[in-house]
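S.K.: This structure is in structure tokens; I'll ask about it shortly.
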Amino acid sequence: MKKSIEELKAMAKVIRKDIIVMLTESGSGHPGGSLSAVEILTALYFNKMNIDPSKYRDSDRDRFVLSKGHAAPVLYSVLARRGYFDIAELMTLRKLGSILQGHPNMNEVPGVDMSTGSLGQGISAAVGMALAGKIDKKSYRVYALLGDGELEEGEVWEASMAAAHYRLDNLTAFVDHNGLQIDGACNDVMTVDPIADKFRAFNWNVLEIDGHNFEEILNAIDEADKFKGRPTMIVCKTIKGKGVSFMENLASWHGSAPNKEQCSIALREIGGEV
């Protein structure tokens with residue numbers, strides 16, 4: 001069910017609204033990094049990935065690992081809108097007894113391929129999945145999304161060495177490069193730039209794109225899928241809090257939920273139909 005560019009743009013608005021509404025309802029969570037990753041996940045789940053919500057444990061399916069697990073709201077919205085579970089479930093985010101907790105749980109949430117939250121571990125798991133695919137001679141692809149602040153974790157670079165060593169060209173990873181983490185600017189906390197050059201030095205195929213431009217995202221995924229002999233890292237320049245003016249480029253919205261008044265303003269700014 002490949003959506004057109006215009007359909008993807010419309011779906012991105014729906015997903016942004018879901019994120020705002022569910023976080024307002026829960027009173028806690030992570031809007032900034034969820035909003036910055038909307039186009040990346042929308043492109044994957046509604047255009048590129050070989051998946052079937054009715055067979056979400058199919059051994060031949062493509063896999064996605066949200067290595068920046070705190071951005072669970074964007075993943076939950078995408079999964080619900082893709083048909084993995086009822087959309088009404090989104091309003092139970094972080095509530096007692098809900099399957100939708102603050103970080104994704106593969107044992108509870110249909111469509112979640114890896115439980116994540118401890119930064120650095122998601123990309124390591126994705127490397128393992130890709131290596132297993134090679135060993136088992138499977139044709140599935142593995143996709144992973146990292147945060148730029150997450151690159152401060154040493155485990156990321158151990159995993160990156162392994163991915164290149166084993167020539168995992170069935171692995172495509174994305175960096176959500178919005179420049180901010182919970183404590184402020186990434187380069188003030190611990191310099192991560194130049195990200196692209198670092199991954200090139202680790203022998204990855206590296207692409208640099210606008211992470212909010214669907215044409216660039218789709219083209220980059222196509223290029224990565226065709227590239228042989230090395231894993232691909234797509235460095236996506238993004239805006240933290242994208243789509244909501246009072247959240248954009250502010251680290252304070254990394255892990256703060258909007259109140260009802262802020263929710264109303266945000267929904268009007270995002271626009272589109274739900």
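Letters A, B, ... go to the chains of the structure tokens in the order shown; residues in each chain start at 1; ligands are counted from 1 in the same order.
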Tell me, which residues of stretch 49-270 of chain A carry DSSP alpha helix (DSSP H), written as a ChimeraX atom specification?
M.R.: /A:72-82,121-135,154-165,186-189,195-201,214-226,260-270
S.K.: Please tabulate, as a Markdown table, the residues of stretch 8-105 of chain A that come within 12 Å of stretch 222-235 of chain A, each with its closest pair of atoms and the distance in Å to one decimal, counting only C-alpha atoms and ordering rows by chain, then residue number upward.
M.R.:
```
| residue | atom | partner | partner_atom | distance |
| --- | --- | --- | --- | --- |
| A:Ala37 | CA | A:Val235 | CA | 12.0 |
| A:Ile40 | CA | A:Ile234 | CA | 10.3 |
| A:Ala43 | CA | A:Asp222 | CA | 11.4 |
| A:Leu44 | CA | A:Asp222 | CA | 10.9 |
| A:Asn47 | CA | A:Asp222 | CA | 11.0 |
| A:Lys48 | CA | A:Asp222 | CA | 8.5 |
| A:Met49 | CA | A:Asp225 | CA | 10.8 |
| A:Asp62 | CA | A:Asp225 | CA | 11.9 |
```
S.K.: Which parts of stretch 8-251 of chain A does DSSP call strand (DSSP E or B) when run on the backbone here, written out as a PyMOL selection string?
M.R.: chain A and resi 63-66+142-147+171-177+180-181+184-185+205-210+232-237
S.K.: Quick one: which stretch 125-190 of chain A residues come within 12 Å of stretch 202-217 of chain A, and what is the nearest atom pair for each with the distance in Å to one decimal, counting only C-alpha atoms, rows ordered by chain and ascending number, as a tab-separated table?
M.R.:
```
residue	atom	partner	partner_atom	distance
A:Leu145	CA	A:Gly211	CA	11.7
A:Val156	CA	A:Phe202	CA	11.2
A:Trp157	CA	A:Phe202	CA	8.2
A:Glu158	CA	A:Phe202	CA	9.8
A:Ala159	CA	A:Phe202	CA	10.2
A:Ser160	CA	A:Phe202	CA	6.8
A:Met161	CA	A:Phe202	CA	6.1
A:Ala162	CA	A:Phe202	CA	9.4
A:Ala163	CA	A:Trp204	CA	8.3
A:Ala164	CA	A:Asn203	CA	5.9
A:His165	CA	A:Asn203	CA	8.4
A:Tyr166	CA	A:Asn203	CA	11.0
A:Arg167	CA	A:Trp204	CA	9.1
A:Leu168	CA	A:Trp204	CA	9.5
A:Asp169	CA	A:Asn205	CA	9.1
A:Asn170	CA	A:Asn205	CA	11.9
A:Leu171	CA	A:Trp204	CA	10.3
A:Thr172	CA	A:Asn205	CA	9.4
A:Ala173	CA	A:Val206	CA	9.7
A:Phe174	CA	A:Gly211	CA	9.2
A:Val175	CA	A:Gly211	CA	9.1
A:Asp176	CA	A:Gly211	CA	7.4
A:His177	CA	A:Gly211	CA	8.3
A:Asn178	CA	A:Gly211	CA	9.3
```
S.K.: May I have the residues from that selection written out with C-alpha atoms, as a PDB file, in the first residue's frame?
M.R.:
```
ATOM      1  CA  LEU A 145      16.471   5.168  13.807  1.00  0.00           C
ATOM      2  CA  VAL A 156      26.749   2.732  18.930  1.00  0.00           C
ATOM      3  CA  TRP A 157      30.257   2.694  17.525  1.00  0.00           C
ATOM      4  CA  GLU A 158      30.934  -0.925  18.483  1.00  0.00           C
ATOM      5  CA  ALA A 159      27.758  -1.871  16.622  1.00  0.00           C
ATOM      6  CA  SER A 160      28.791   0.299  13.677  1.00  0.00           C
ATOM      7  CA  MET A 161      32.149  -1.450  13.426  1.00  0.00           C
ATOM      8  CA  ALA A 162      30.430  -4.831  13.442  1.00  0.00           C
ATOM      9  CA  ALA A 163      27.917  -3.778  10.766  1.00  0.00           C
ATOM     10  CA  ALA A 164      30.696  -2.716   8.410  1.00  0.00           C
ATOM     11  CA  HIS A 165      32.900  -5.725   9.242  1.00  0.00           C
ATOM     12  CA  TYR A 166      30.116  -8.152   8.327  1.00  0.00           C
ATOM     13  CA  ARG A 167      29.183  -6.147   5.223  1.00  0.00           C
ATOM     14  CA  LEU A 168      25.558  -5.775   6.309  1.00  0.00           C
ATOM     15  CA  ASP A 169      24.139  -4.132   3.202  1.00  0.00           C
ATOM     16  CA  ASN A 170      20.671  -5.262   4.368  1.00  0.00           C
ATOM     17  CA  LEU A 171      20.861  -2.660   7.159  1.00  0.00           C
ATOM     18  CA  THR A 172      19.807   0.970   6.709  1.00  0.00           C
ATOM     19  CA  ALA A 173      20.001   3.315   9.684  1.00  0.00           C
ATOM     20  CA  PHE A 174      18.890   6.905  10.099  1.00  0.00           C
ATOM     21  CA  VAL A 175      20.188   9.611  12.416  1.00  0.00           C
ATOM     22  CA  ASP A 176      17.511  12.082  13.503  1.00  0.00           C
ATOM     23  CA  HIS A 177      19.942  15.005  13.529  1.00  0.00           C
ATOM     24  CA  ASN A 178      17.923  17.748  15.229  1.00  0.00           C
TER      25      ASN A 178
END
```
S.K.: For A:Val78, work out the shell of residues within 12 Å, counting only C-alpha atoms and skipping chain neighbours fewer than 6 positions away, then give it as a ChimeraX atom specification.
M.R.: /A:8,11-19,34-35,37-46,53,64,71-72,84-87,90,110-112
S.K.: Pull N, CA and C atoms from the residues just selected and write them as a tab-separated table (two decimals), in the first residue's frame.
M.R.:
```tsv
chain	number	residue	atom	x	y	z
A	8	LEU	N	1.39	10.96	1.81
A	8	LEU	CA	2.35	10.88	2.92
A	8	LEU	C	2.35	12.18	3.73
A	11	MET	N	-0.72	12.17	5.85
A	11	MET	CA	-0.57	11.23	6.97
A	11	MET	C	0.37	11.79	8.03
A	12	ALA	N	1.40	12.51	7.62
A	12	ALA	CA	2.33	13.11	8.58
A	12	ALA	C	1.61	14.09	9.50
A	13	LYS	N	0.66	14.84	8.96
A	13	LYS	CA	-0.12	15.76	9.79
A	13	LYS	C	-0.97	14.99	10.80
A	14	VAL	N	-1.57	13.89	10.35
A	14	VAL	CA	-2.37	13.06	11.25
A	14	VAL	C	-1.51	12.52	12.38
A	15	ILE	N	-0.33	12.05	12.04
A	15	ILE	CA	0.56	11.47	13.05
A	15	ILE	C	1.04	12.54	14.03
A	16	ARG	N	1.35	13.73	13.53
A	16	ARG	CA	1.75	14.81	14.44
A	16	ARG	C	0.61	15.14	15.42
A	17	LYS	N	-0.61	15.16	14.92
A	17	LYS	CA	-1.76	15.43	15.80
A	17	LYS	C	-1.91	14.32	16.83
A	18	ASP	N	-1.74	13.07	16.41
A	18	ASP	CA	-1.80	11.96	17.35
A	18	ASP	C	-0.79	12.15	18.48
A	19	ILE	N	0.42	12.52	18.11
A	19	ILE	CA	1.49	12.69	19.11
A	19	ILE	C	1.09	13.75	20.14
A	34	SER	N	9.87	13.03	18.92
A	34	SER	CA	8.84	12.30	18.18
A	34	SER	C	8.43	13.09	16.95
A	35	LEU	N	8.22	14.38	17.11
A	35	LEU	CA	7.81	15.23	15.99
A	35	LEU	C	8.90	15.35	14.93
A	37	ALA	N	10.85	13.08	13.92
A	37	ALA	CA	11.04	11.82	13.19
A	37	ALA	C	9.83	11.40	12.37
A	38	VAL	N	8.80	12.23	12.32
A	38	VAL	CA	7.53	11.83	11.69
A	38	VAL	C	7.69	11.43	10.23
A	39	GLU	N	8.37	12.24	9.45
A	39	GLU	CA	8.47	11.93	8.01
A	39	GLU	C	9.26	10.65	7.76
A	40	ILE	N	10.27	10.40	8.56
A	40	ILE	CA	11.10	9.20	8.37
A	40	ILE	C	10.26	7.95	8.56
A	41	LEU	N	9.52	7.88	9.68
A	41	LEU	CA	8.72	6.69	9.95
A	41	LEU	C	7.53	6.58	9.00
A	42	THR	N	6.95	7.71	8.64
A	42	THR	CA	5.82	7.68	7.71
A	42	THR	C	6.26	7.12	6.36
A	43	ALA	N	7.41	7.55	5.87
A	43	ALA	CA	7.92	7.05	4.59
A	43	ALA	C	8.18	5.55	4.65
A	44	LEU	N	8.77	5.08	5.75
A	44	LEU	CA	9.07	3.66	5.87
A	44	LEU	C	7.81	2.81	5.92
A	45	TYR	N	6.89	3.16	6.81
A	45	TYR	CA	5.73	2.30	7.07
A	45	TYR	C	4.63	2.41	6.03
A	46	PHE	N	4.56	3.54	5.35
A	46	PHE	CA	3.47	3.73	4.39
A	46	PHE	C	3.92	3.70	2.93
A	53	PRO	N	0.46	-5.99	8.69
A	53	PRO	CA	0.00	-5.93	10.09
A	53	PRO	C	-0.69	-7.21	10.56
A	64	PHE	N	11.97	-2.90	11.82
A	64	PHE	CA	12.31	-1.53	12.20
A	64	PHE	C	12.62	-1.48	13.69
A	71	ALA	N	11.18	8.14	21.76
A	71	ALA	CA	10.28	8.69	20.74
A	71	ALA	C	9.15	7.71	20.42
A	72	ALA	N	8.78	6.91	21.40
A	72	ALA	CA	7.72	5.91	21.23
A	72	ALA	C	6.42	6.49	20.67
A	84	TYR	N	-1.94	-1.95	12.97
A	84	TYR	CA	-1.44	-2.99	13.89
A	84	TYR	C	-2.31	-3.13	15.13
A	85	PHE	N	-2.94	-2.04	15.55
A	85	PHE	CA	-3.86	-2.09	16.69
A	85	PHE	C	-4.81	-0.90	16.59
A	86	ASP	N	-5.84	-0.92	17.42
A	86	ASP	CA	-6.90	0.09	17.35
A	86	ASP	C	-6.36	1.48	17.68
A	87	ILE	N	-6.75	2.47	16.87
A	87	ILE	CA	-6.30	3.85	17.07
A	87	ILE	C	-6.69	4.37	18.46
A	90	LEU	N	-4.24	4.62	21.44
A	90	LEU	CA	-3.26	5.69	21.60
A	90	LEU	C	-3.55	6.55	22.83
A	110	PRO	N	1.85	-5.05	19.23
A	110	PRO	CA	1.94	-5.61	17.88
A	110	PRO	C	2.70	-4.67	16.94
A	111	GLY	N	3.68	-5.21	16.23
A	111	GLY	CA	4.44	-4.41	15.28
A	111	GLY	C	5.75	-3.87	15.81
A	112	VAL	N	5.96	-3.91	17.12
A	112	VAL	CA	7.24	-3.47	17.68
A	112	VAL	C	8.23	-4.62	17.56
```
